[in-house]
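Asker: Sharing query_23.txt below, compact mmCIF, C-alpha atoms:
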```txt
# COMPACT_ATOMS: atom_id res chain seq x y z
CA MET A 1 0.00 0.00 0.00
CA ALA A 2 2.98 2.36 0.32
CA THR A 3 2.91 3.05 -3.42
CA LEU A 4 -0.76 4.07 -3.24
CA LYS A 5 -0.39 6.45 -0.29
CA PRO A 6 0.10 9.73 -2.26
CA GLU A 7 -2.78 8.85 -4.56
CA LEU A 8 -5.07 7.94 -1.65
CA ASP A 9 -4.25 11.20 0.10
CA ALA A 10 -5.48 13.07 -2.98
CA ILE A 11 -8.97 11.53 -2.65
CA PRO A 12 -11.46 13.35 -0.39
CA ARG A 13 -11.71 11.82 3.12
CA PRO A 14 -15.45 10.92 2.90
CA VAL A 15 -14.80 8.95 -0.31
CA ARG A 16 -11.90 7.06 1.31
CA ALA A 17 -14.05 6.19 4.30
CA ALA A 18 -16.67 4.55 2.09
CA PHE A 19 -14.15 2.04 0.69
CA PRO A 20 -11.96 0.10 3.17
CA ALA A 21 -8.50 0.24 1.70
CA GLY A 22 -7.68 -3.32 2.71
CA ARG A 23 -9.90 -4.85 0.05
CA PRO A 24 -8.41 -5.39 -3.45
CA ALA A 25 -11.50 -4.03 -5.23
CA ALA A 26 -11.44 -0.97 -3.05
CA ARG A 27 -7.76 -0.38 -3.72
CA GLN A 28 -8.41 -0.60 -7.47
CA LEU A 29 -11.33 1.82 -7.25
CA LEU A 30 -9.37 4.27 -5.14
CA ALA A 31 -6.45 4.17 -7.58
CA SER A 32 -8.86 4.80 -10.48
CA CYS A 33 -10.34 7.78 -8.64
CA SER A 34 -6.85 9.11 -8.06
CA ALA A 35 -5.97 8.82 -11.74
CA LEU A 36 -9.19 10.62 -12.71
CA ILE A 37 -8.43 13.48 -10.32
CA LEU A 38 -4.94 13.81 -11.79
CA ILE A 39 -6.27 13.88 -15.38
CA LEU A 40 -8.88 16.51 -14.54
CA SER A 41 -6.25 18.70 -12.89
CA ILE A 42 -3.89 18.78 -15.89
CA PRO A 43 -5.65 21.60 -17.81
CA PHE A 44 -5.69 23.75 -14.68
CA LEU A 45 -2.01 23.18 -13.99
CA ALA A 46 -1.04 23.79 -17.61
CA GLY A 47 -2.97 27.05 -17.62
CA THR A 48 -1.05 28.36 -14.64
CA GLN A 49 2.32 27.73 -16.28
CA SER A 50 1.85 29.91 -19.40
CA LYS A 51 -0.86 32.35 -18.39
CA PRO A 52 -1.38 35.18 -20.91
CA ARG A 53 -0.60 38.64 -19.55
CA THR A 54 -2.63 41.72 -20.48
CA VAL A 55 -0.43 44.16 -18.57
CA ARG A 56 3.29 44.81 -18.67
CA TRP A 57 5.27 41.97 -17.14
CA SER A 58 6.77 42.53 -13.72
CA GLU A 59 10.56 42.55 -13.41
CA GLN A 60 10.32 39.16 -11.71
CA SER A 61 8.22 37.63 -14.48
CA ALA A 62 10.52 38.99 -17.19
CA ASN A 63 13.63 37.71 -15.48
CA GLU A 64 12.10 34.30 -14.79
CA TRP A 65 11.22 34.02 -18.47
CA TYR A 66 14.76 34.97 -19.50
CA ALA A 67 16.33 32.53 -17.04
CA SER A 68 14.55 29.71 -18.88
CA GLN A 69 16.16 30.69 -22.20
CA PRO A 70 19.59 29.67 -23.46
CA TRP A 71 22.05 32.41 -24.34
CA LEU A 72 20.36 33.76 -27.45
CA VAL A 73 22.60 34.37 -30.46
CA GLY A 74 21.28 34.88 -33.96
CA SER A 75 20.66 37.12 -36.95
CA ASN A 76 18.06 39.38 -38.45
CA TYR A 77 16.77 37.05 -41.12
CA ILE A 78 15.41 37.32 -44.63
CA PRO A 79 16.21 34.73 -47.32
CA ALA A 80 18.70 35.71 -50.00
CA THR A 81 15.91 35.42 -52.59
CA ALA A 82 13.81 38.27 -51.09
CA ILE A 83 14.44 42.02 -51.30
CA ASN A 84 12.02 42.86 -48.48
CA GLN A 85 9.32 41.57 -46.12
CA LEU A 86 6.66 41.44 -48.84
CA GLU A 87 8.76 39.31 -51.15
CA MET A 88 9.69 37.01 -48.28
CA TRP A 89 6.06 36.32 -47.28
CA GLN A 90 3.78 36.72 -50.32
CA ALA A 91 2.42 33.43 -51.65
CA ASP A 92 4.09 33.72 -55.06
CA THR A 93 7.58 34.26 -53.64
CA PHE A 94 7.51 32.50 -50.25
CA ASP A 95 10.38 30.00 -50.50
CA PRO A 96 10.35 27.36 -47.73
CA LYS A 97 13.04 25.25 -49.42
CA ARG A 98 15.46 28.17 -49.45
CA ILE A 99 14.53 29.09 -45.88
CA ASP A 100 15.15 25.50 -44.75
CA LEU A 101 18.56 25.54 -46.44
CA GLU A 102 19.62 28.84 -44.90
CA LEU A 103 18.36 28.10 -41.39
CA GLY A 104 20.22 24.81 -41.62
CA TRP A 105 23.39 26.81 -42.23
CA ALA A 106 22.53 29.00 -39.23
CA GLU A 107 22.10 25.96 -37.00
CA THR A 108 25.48 24.61 -38.13
CA ILE A 109 27.18 27.88 -37.16
CA GLY A 110 25.63 27.73 -33.69
CA LEU A 111 22.82 30.28 -33.98
CA ASN A 112 19.58 29.67 -32.07
CA ALA A 113 17.47 32.80 -32.68
CA MET A 114 16.29 34.88 -35.63
CA ARG A 115 14.58 38.27 -35.74
CA VAL A 116 12.10 38.34 -38.62
CA PHE A 117 10.01 41.22 -40.00
CA LEU A 118 6.32 40.93 -40.88
CA HIS A 119 4.15 43.54 -42.66
CA ASP A 120 0.62 44.88 -42.24
CA LEU A 121 -0.17 44.68 -45.98
CA LEU A 122 0.37 40.92 -45.90
CA TRP A 123 -2.51 40.61 -43.44
CA GLN A 124 -4.69 42.88 -45.54
CA GLN A 125 -3.92 40.81 -48.64
CA ASP A 126 -4.49 37.29 -47.29
CA PRO A 127 -4.75 36.80 -43.50
CA ARG A 128 -5.44 33.07 -43.65
CA GLY A 129 -2.62 32.36 -46.11
CA PHE A 130 -0.25 34.65 -44.21
CA LYS A 131 -0.87 32.76 -40.96
CA LYS A 132 -0.33 29.47 -42.75
CA ARG A 133 3.00 30.65 -44.16
CA ILE A 134 4.08 31.93 -40.74
CA ASP A 135 3.29 28.51 -39.30
CA THR A 136 5.31 26.84 -42.06
CA PHE A 137 8.22 29.15 -41.34
CA LEU A 138 8.04 28.42 -37.62
CA ALA A 139 8.05 24.69 -38.30
CA ILE A 140 11.24 25.07 -40.35
CA ALA A 141 12.88 27.20 -37.66
CA ASP A 142 11.88 24.74 -34.95
CA LYS A 143 13.36 21.89 -36.97
CA HIS A 144 16.68 23.74 -36.73
CA HIS A 145 16.23 24.57 -33.01
CA ILE A 146 15.84 28.28 -33.74
CA LYS A 147 13.37 30.57 -31.96
CA ILE A 148 11.84 33.60 -33.66
CA LEU A 149 11.47 37.21 -32.55
CA PHE A 150 8.84 38.72 -34.87
CA VAL A 151 8.78 42.43 -35.74
CA LEU A 152 5.31 43.86 -36.40
CA PHE A 153 5.95 47.47 -37.52
CA ASP A 154 9.03 49.22 -38.93
CA SER A 155 9.96 52.87 -39.62
CA CYS A 156 12.97 52.13 -41.84
CA TRP A 157 13.56 52.62 -45.56
CA ASP A 158 10.90 52.96 -48.29
CA PRO A 159 7.75 54.70 -46.95
CA ASN A 160 5.62 53.63 -49.93
CA PRO A 161 5.15 49.83 -49.77
CA GLU A 162 3.05 48.14 -52.43
CA LEU A 163 1.83 44.57 -52.68
CA GLY A 164 2.61 42.41 -55.69
CA LYS A 165 5.82 41.94 -57.59
CA GLN A 166 8.67 43.82 -55.90
CA ARG A 167 11.25 45.83 -57.80
CA GLU A 168 14.75 44.55 -58.44
CA PRO A 169 17.59 45.80 -56.21
CA ARG A 170 19.30 49.07 -57.12
CA ALA A 171 22.83 48.27 -58.21
CA GLY A 172 25.37 48.70 -55.43
CA VAL A 173 22.91 50.08 -52.84
CA HIS A 174 22.34 48.85 -49.27
CA ASN A 175 18.75 47.65 -48.57
CA SER A 176 17.36 49.41 -51.65
CA GLY A 177 13.98 47.68 -51.54
CA TRP A 178 13.13 47.34 -47.84
CA VAL A 179 9.70 48.83 -47.00
CA GLN A 180 8.16 50.48 -43.96
CA SER A 181 5.14 49.16 -42.08
CA PRO A 182 2.85 50.99 -41.99
CA GLY A 183 3.63 53.06 -45.06
CA ALA A 184 3.44 56.84 -45.00
CA LYS A 185 -0.15 56.97 -46.31
CA ALA A 186 -1.46 54.61 -43.64
CA LEU A 187 0.55 56.30 -40.91
CA GLN A 188 -1.09 59.64 -41.75
CA ASP A 189 -4.61 58.24 -42.07
CA PRO A 190 -6.42 57.45 -38.79
CA ALA A 191 -9.12 55.71 -40.84
CA GLN A 192 -6.58 52.95 -41.50
CA TYR A 193 -5.71 52.41 -37.85
CA PRO A 194 -8.49 49.78 -37.36
CA ARG A 195 -6.86 47.83 -40.19
CA LEU A 196 -3.48 48.07 -38.46
CA GLU A 197 -5.09 47.00 -35.20
CA ALA A 198 -6.68 43.99 -36.88
CA TYR A 199 -3.27 42.99 -38.24
CA ALA A 200 -1.44 43.30 -34.92
CA LYS A 201 -4.13 41.53 -32.94
CA GLY A 202 -4.74 38.90 -35.59
CA VAL A 203 -1.13 37.79 -35.94
CA VAL A 204 -0.43 37.78 -32.22
CA GLU A 205 -3.68 36.02 -31.30
CA ALA A 206 -2.93 33.29 -33.83
CA PHE A 207 0.43 32.54 -32.21
CA ALA A 208 -0.09 33.86 -28.68
CA GLU A 209 0.82 30.55 -27.04
CA ASP A 210 3.34 29.31 -29.59
CA LYS A 211 6.56 28.26 -27.86
CA ARG A 212 8.47 28.55 -31.13
CA ILE A 213 8.15 32.32 -30.84
CA LEU A 214 10.62 34.11 -28.62
CA GLY A 215 8.74 37.40 -28.45
CA TRP A 216 7.16 40.33 -30.28
CA ASP A 217 9.18 43.39 -31.30
CA VAL A 218 6.26 45.74 -31.79
CA TRP A 219 8.03 48.56 -33.70
CA ASN A 220 11.51 48.73 -35.18
CA GLU A 221 13.35 52.06 -34.74
CA PRO A 222 10.12 54.07 -34.40
CA SER A 223 11.85 57.46 -34.47
CA ASN A 224 13.92 56.74 -37.59
CA THR A 225 13.36 59.34 -40.35
CA ASN A 226 15.71 57.69 -42.89
CA SER A 227 18.17 60.52 -43.18
CA GLY A 228 20.19 60.15 -46.37
CA SER A 229 17.77 57.81 -48.13
CA TYR A 230 14.02 58.42 -48.22
CA GLU A 231 13.76 61.43 -45.93
CA LYS A 232 12.27 63.68 -48.66
CA LYS A 233 9.32 61.31 -49.00
CA GLU A 234 8.66 61.04 -45.26
CA PRO A 235 5.80 62.91 -43.55
CA LYS A 236 7.23 65.99 -41.86
CA ASN A 237 5.44 65.02 -38.65
CA LYS A 238 6.36 61.33 -38.87
CA VAL A 239 7.86 61.12 -35.37
CA ASP A 240 4.80 62.76 -33.81
CA LEU A 241 2.52 60.35 -35.64
CA VAL A 242 4.49 57.35 -34.39
CA LEU A 243 4.63 58.80 -30.87
CA ALA A 244 0.84 58.80 -30.82
CA LEU A 245 0.48 55.35 -32.39
CA LEU A 246 3.18 53.35 -30.59
CA PRO A 247 1.36 53.14 -27.21
CA LYS A 248 -1.76 51.99 -29.06
CA VAL A 249 0.22 49.23 -30.75
CA PHE A 250 1.43 47.98 -27.38
CA GLU A 251 -2.22 47.99 -26.22
CA TRP A 252 -3.36 46.08 -29.31
CA VAL A 253 -0.72 43.42 -28.88
CA ARG A 254 -1.36 42.99 -25.17
CA ALA A 255 -5.09 42.67 -25.88
CA ALA A 256 -4.21 39.56 -27.90
CA GLN A 257 -2.92 38.03 -24.63
CA PRO A 258 0.45 36.70 -25.79
CA THR A 259 2.44 34.43 -23.52
CA GLN A 260 5.62 35.87 -25.08
CA PRO A 261 7.21 39.19 -24.03
CA LEU A 262 6.93 42.50 -25.90
CA THR A 263 9.72 44.92 -26.72
CA SER A 264 10.71 47.86 -28.93
CA GLY A 265 14.40 48.58 -29.29
CA LEU A 266 16.26 51.78 -28.46
CA TRP A 267 18.61 52.64 -31.30
CA GLU A 268 20.31 56.01 -30.77
CA GLY A 269 20.81 58.64 -28.10
CA ASP A 270 22.00 58.76 -24.50
CA TRP A 271 20.22 56.25 -22.24
CA SER A 272 22.52 56.66 -19.24
CA SER A 273 19.74 58.10 -17.09
CA ALA A 274 15.98 58.46 -17.33
CA ASP A 275 16.10 62.25 -17.59
CA LYS A 276 18.14 61.98 -20.81
CA LEU A 277 15.59 59.84 -22.63
CA ASP A 278 13.44 61.43 -25.31
CA ARG A 279 9.67 60.86 -25.46
CA MET A 280 9.91 57.88 -27.79
CA GLU A 281 12.57 56.15 -25.71
CA LYS A 282 10.52 56.60 -22.55
CA ILE A 283 7.53 54.94 -24.20
CA GLN A 284 9.70 52.09 -25.46
CA ILE A 285 11.23 51.39 -22.06
CA GLU A 286 8.08 51.92 -19.99
CA LEU A 287 5.96 49.60 -22.15
CA SER A 288 8.48 46.85 -22.97
CA ASP A 289 8.53 43.62 -20.97
CA VAL A 290 12.17 43.05 -21.93
CA ILE A 291 14.59 45.79 -22.95
CA SER A 292 16.11 45.71 -26.42
CA PHE A 293 18.56 47.95 -28.21
CA HIS A 294 20.64 48.39 -31.37
CA ASN A 295 24.33 49.23 -31.48
CA TYR A 296 26.67 49.30 -34.46
CA ALA A 297 29.65 50.74 -32.63
CA THR A 298 32.95 49.67 -31.09
CA PRO A 299 33.09 47.17 -28.19
CA ASN A 300 33.47 49.80 -25.45
CA ARG A 301 30.44 51.73 -26.70
CA PHE A 302 28.51 48.48 -27.01
CA GLU A 303 29.24 47.63 -23.38
CA ASN A 304 28.36 51.17 -22.27
CA ARG A 305 24.85 50.69 -23.61
CA ILE A 306 24.47 47.42 -21.74
CA VAL A 307 25.58 49.05 -18.50
CA TRP A 308 23.12 51.91 -19.06
CA LEU A 309 20.22 49.53 -19.60
CA LYS A 310 20.94 47.40 -16.53
CA GLN A 311 19.33 50.11 -14.40
CA TYR A 312 15.93 48.79 -15.50
CA HIS A 313 16.56 45.33 -13.99
CA ARG A 314 15.06 43.51 -16.95
CA PRO A 315 16.45 41.10 -19.56
CA ILE A 316 18.46 42.86 -22.28
CA LEU A 317 18.41 41.87 -25.94
CA CYS A 318 20.65 43.46 -28.56
CA THR A 319 18.48 43.02 -31.64
CA GLU A 320 20.84 44.68 -34.13
CA TYR A 321 24.65 44.89 -34.19
CA MET A 322 27.65 44.02 -36.40
CA ALA A 323 28.76 46.57 -38.97
CA ARG A 324 32.36 45.73 -39.71
CA GLY A 325 33.29 49.09 -41.21
CA ALA A 326 31.92 50.92 -38.16
CA GLY A 327 33.98 48.81 -35.74
CA SER A 328 31.16 46.50 -34.68
CA THR A 329 32.28 42.88 -35.08
CA PHE A 330 31.48 39.43 -33.76
CA GLN A 331 34.88 39.17 -32.09
CA GLY A 332 34.38 42.53 -30.40
CA SER A 333 30.73 42.34 -29.31
CA LEU A 334 29.92 38.68 -28.67
CA PRO A 335 32.29 38.16 -25.70
CA ILE A 336 30.80 41.23 -24.02
CA ALA A 337 27.26 40.05 -24.69
CA LYS A 338 28.08 36.63 -23.30
CA GLN A 339 29.72 38.10 -20.18
CA HIS A 340 26.57 40.13 -19.43
CA ARG A 341 24.22 37.41 -20.73
CA VAL A 342 22.73 39.77 -23.29
CA ALA A 343 21.06 38.29 -26.36
CA ALA A 344 23.00 39.16 -29.54
CA ILE A 345 21.21 39.30 -32.91
CA ASN A 346 23.35 40.68 -35.73
CA TRP A 347 22.09 42.18 -38.97
CA GLY A 348 22.12 39.71 -41.82
CA LEU A 349 22.65 35.98 -42.23
CA VAL A 350 23.00 35.37 -45.97
CA ALA A 351 23.98 37.97 -48.57
CA GLY A 352 21.25 38.37 -51.15
CA LYS A 353 18.80 40.80 -52.69
CA THR A 354 18.85 43.13 -49.68
CA GLN A 355 22.53 43.83 -50.47
CA THR A 356 23.27 44.75 -46.88
CA TYR A 357 26.91 43.80 -47.36
CA TYR A 358 27.20 47.26 -48.95
CA PRO A 359 27.74 50.07 -46.40
CA TRP A 360 25.15 52.72 -45.55
CA ASP A 361 27.00 55.37 -47.60
CA SER A 362 26.09 53.43 -50.76
CA TRP A 363 22.83 55.41 -50.75
CA LYS A 364 24.83 58.48 -51.75
CA HIS A 365 27.68 56.69 -53.50
CA PRO A 366 26.48 53.39 -55.03
CA TYR A 367 29.09 50.66 -55.42
CA ILE A 368 28.63 50.29 -59.15
CA ASP A 369 30.74 47.51 -60.68
CA ARG A 370 32.75 47.07 -57.47
CA GLN A 371 32.52 45.25 -54.18
CA PRO A 372 33.21 46.88 -50.80
CA GLU A 373 36.65 46.11 -49.42
CA VAL A 374 34.98 45.06 -46.17
CA TRP A 375 31.46 43.65 -46.03
CA HIS A 376 29.18 45.83 -43.91
CA HIS A 377 26.69 43.16 -42.73
CA ASP A 378 25.91 39.47 -43.40
CA ILE A 379 27.76 36.28 -42.46
CA LEU A 380 27.43 33.94 -45.43
CA ARG A 381 27.55 34.20 -49.19
CA ALA A 382 24.52 33.11 -51.19
CA ASN A 383 26.05 29.63 -51.63
CA GLY A 384 26.49 29.19 -47.88
CA GLN A 385 30.23 29.81 -47.83
CA PRO A 386 31.42 32.18 -45.08
CA TYR A 387 32.47 35.73 -45.86
CA SER A 388 35.11 35.06 -43.20
CA GLN A 389 35.93 31.56 -42.02
CA LYS A 390 37.56 33.03 -38.91
CA GLU A 391 34.29 34.74 -37.99
CA VAL A 392 32.23 31.59 -38.44
CA ASP A 393 34.73 29.53 -36.43
CA PHE A 394 34.59 32.16 -33.69
CA ILE A 395 30.77 32.19 -33.57
CA HIS A 396 30.67 28.40 -33.47
CA GLU A 397 33.20 28.24 -30.66
CA ILE A 398 31.69 30.93 -28.43
CA THR A 399 28.18 29.51 -28.73
CA ARG A 400 29.30 25.97 -27.85
CA HIS A 401 30.13 26.68 -24.22
```
Output the structure of this file as structure tokens.

Answerer:
Amino acid sequence: MATLKPELDAIPRPVRAAFPAGRPAARQLLASCSALILILSIPFLAGTQSKPRTVRWSEQSANEWYASQPWLVGSNYIPATAINQLEMWQADTFDPKRIDLELGWAETIGLNAMRVFLHDLLWQQDPRGFKKRIDTFLAIADKHHIKILFVLFDSCWDPNPELGKQREPRAGVHNSGWVQSPGAKALQDPAQYPRLEAYAKGVVEAFAEDKRILGWDVWNEPSNTNSGSYEKKEPKNKVDLVLALLPKVFEWVRAAQPTQPLTSGLWEGDWSSADKLDRMEKIQIELSDVISFHNYATPNRFENRIVWLKQYHRPILCTEYMARGAGSTFQGSLPIAKQHRVAAINWGLVAGKTQTYYPWDSWKHPYIDRQPEVWHHDILRANGQPYSQKEVDFIHEITRH
């Protein structure tokens, strides 16, 4: 009877009293009752382990979540065959075979996370098909033991996105076809905000409890006005428009009750104290469950940012880094990130139609008929061969231990 004692204790006392435990039939019935109680309790217990949150996570909740993760190292990902988010995800150009190949390369290097951009027009075009393709992508990533941080909105590059066939890359120009979400017209038109809300809620609700998803980056570089590229096409009051919309986006996403954390990354400025933050940065920090940031600078400046952000006592994710020509390298940044247990997600896995191996100055001085002496971003060539074998060996080694 010793093996039945815990089970018997779980049965209410009046029930136990009705069946003398010394009789075999009684023991069998009591054990059956115990098993039934255990089965009925499973849904309740499971619900308490991944309970959706409709308010900002507490510091404790955020840190407990992060403690359950491995050290996260990865890339901002788009397949080499796509020039932007639309070409990556639209039905005619979605390429799961290529994605499987490239994420296989990432797994071999030692990467376990990817940051991936979505787009509101994809939801408007075909919500059911879009969700199905997201699920297919997640299945491929999971096969390669890679978790995904999805980006919902983005203030960078072309402010006039259009569905359908995307243009070819501009020769020698960095990210010449990347598109903003929402575009300038939608950003300036409050009548389109319900459509944007439907997109944010719809995507997050569909995958709110999906363990293959690391988190939701609600808006990439919200204060970016694309100086040197598309700034003449931007609304003059773009930053004010985003300032008003960003808190609403956080509300929309939380209303979908995700079990994954929310964030929006700081990308420029002085974050050393709260009184030095601008309005956008305050919103980003105050509404994010986990803190994220971008840094394309030298190792000491990279570490400074980490130290600044530790004052918020939340997990820290670097969601963009690594620009060789600017002094941001794997060898310089990764050891610091590992020391502080900061997630490190560089820009670019495989060189392709985004052409982000060209430097930012290619917008003013295109690299026509020439290659940059030093690649700006990206780890691998389109055939999977490393740009630098030393870099790949270093990444593999530092992520092994």

Asker: Give me, as a PyMOL selection string, all polymer residues having an atom no more than 7 Å from segment 144-151 of chain A, counting all atoms listed in the file and skipping those fewer than 4 positions away in the same chain.

Answerer: chain A and resi 103-104+107+112-118+140+212-220

Asker: With C-alpha atoms retained, export the selected residues as a JSON list (two decimals), in the frame of the given file.

Answerer:
```json
[["chain", "number", "residue", "atom", "x", "y", "z"],
["A", 103, "LEU", "CA", 18.36, 28.10, -41.39],
["A", 104, "GLY", "CA", 20.22, 24.81, -41.62],
["A", 107, "GLU", "CA", 22.10, 25.96, -37.00],
["A", 112, "ASN", "CA", 19.58, 29.67, -32.07],
["A", 113, "ALA", "CA", 17.47, 32.80, -32.68],
["A", 114, "MET", "CA", 16.29, 34.88, -35.63],
["A", 115, "ARG", "CA", 14.58, 38.27, -35.74],
["A", 116, "VAL", "CA", 12.10, 38.34, -38.62],
["A", 117, "PHE", "CA", 10.01, 41.22, -40.00],
["A", 118, "LEU", "CA", 6.32, 40.93, -40.88],
["A", 140, "ILE", "CA", 11.24, 25.07, -40.35],
["A", 212, "ARG", "CA", 8.47, 28.55, -31.13],
["A", 213, "ILE", "CA", 8.15, 32.32, -30.84],
["A", 214, "LEU", "CA", 10.62, 34.11, -28.62],
["A", 215, "GLY", "CA", 8.74, 37.40, -28.45],
["A", 216, "TRP", "CA", 7.16, 40.33, -30.28],
["A", 217, "ASP", "CA", 9.18, 43.39, -31.30],
["A", 218, "VAL", "CA", 6.26, 45.74, -31.79],
["A", 219, "TRP", "CA", 8.03, 48.56, -33.70],
["A", 220, "ASN", "CA", 11.51, 48.73, -35.18]]
```

Asker: Which of these, A:Asn237, A:Ser227, A:Gln257, A:Ser181, has the shortest distance to Glu209 of chain A once you count all atoms listed in the file?

Answerer: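 Among the listed residues, A:Gln257 lies closest to Glu209 of chain A.
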
Asker: Looking at all atoms listed in the file, which of A:Asp378, A:Asp95, A:Asp270, A:Asp369 is the one that sits closest to Leu349 of chain A?

Answerer: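 That would be A:Asp378, the residue with the smallest distance to Leu349 of chain A.
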
Asker: Restricting the calculation to all atoms listed in the file: of A:Val204, A:Leu287, A:Leu243, A:Ile345, which residue gets closest to Ser58 of chain A?

Answerer: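 Nearest to Ser58 of chain A: A:Leu287.
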
Asker: Could you jot down the atom CA of Ala274 of chain A to atom CA of Tyr312 of chain A separation for me, Å, one decimal place?

Answerer: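 These two atoms are separated by 9.8 Å.
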
Asker: Tell me which of A:Pro190, A:Glu205, A:Asp92, A:Ala80 sits closest to Lys131 of chain A, counting all atoms listed in the file.

Answerer: A:Glu205

Asker: Rounded to one decimal in Å, what is the spacing between atom CA of Asp126 of chain A and atom CA of Thr93 of chain A?

Answerer: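 So the answer is 14.0 Å.
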
Asker: Mind pulling up the distance from atom CA of Val392 of chain A to atom CA of Thr108 of chain A?

Answerer: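 Computing it gives 9.7 Å between the two atoms.
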
Asker: List every protein, DNA or RNA residue with an atom no more than 7 Å from (20.6, 37.5, -18.1) in the file's coordinates, counting all atoms listed in the file, and format the result as a list in words.

Answerer: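 Checked against the point, the hits come out as Tyr66, Ala67, Pro315, His340, Arg341 and Val342 of chain A.
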
Asker: If I put a ball of radius 12 Å at (-5.5, 43.2, -23.3) in the file's coordinates, which residues poke into it when counting only C-alpha atoms, written as a list in words?

Answerer: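 It turns out the residues near that spot are Pro52, Arg53, Thr54, Val55, Arg56, Lys201, Val204, Glu205, Lys248, Val249, Phe250, Glu251, Trp252, Val253, Arg254, Ala255, Ala256, Gln257, Pro258 and Thr259 of chain A.
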
Asker: For Ala106 of chain A, which residue among A:Val73, A:Leu277, A:Leu122, A:Ala139 is the nearest when counting all atoms listed in the file?

Answerer: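 Of all the options, A:Val73 lies closest to Ala106 of chain A.
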
Asker: Please provide the set of residues having any atom within 8 Å of Gly384 of chain A, restricted to all atoms listed in the file, with same-chain residues fewer than 5 positions apart removed, written as a ChimeraX atom specification.

Answerer: /A:102,105,350

Asker: Identify which of the residues A:Arg305, A:Lys353, A:Lys310, A:Arg167 lies closest to Glu59 of chain A, counting all atoms listed in the file when measuring atom-to-atom distances.

Answerer: A:Lys310

Asker: Within 7 Å of Pro222 of chain A, counting only C-alpha atoms, which residues show up once you throw out same-chain ones fewer than 5 positions away? Write them as an MDAnalysis selection string, please.

Answerer: chainID A and resid 154:155 242
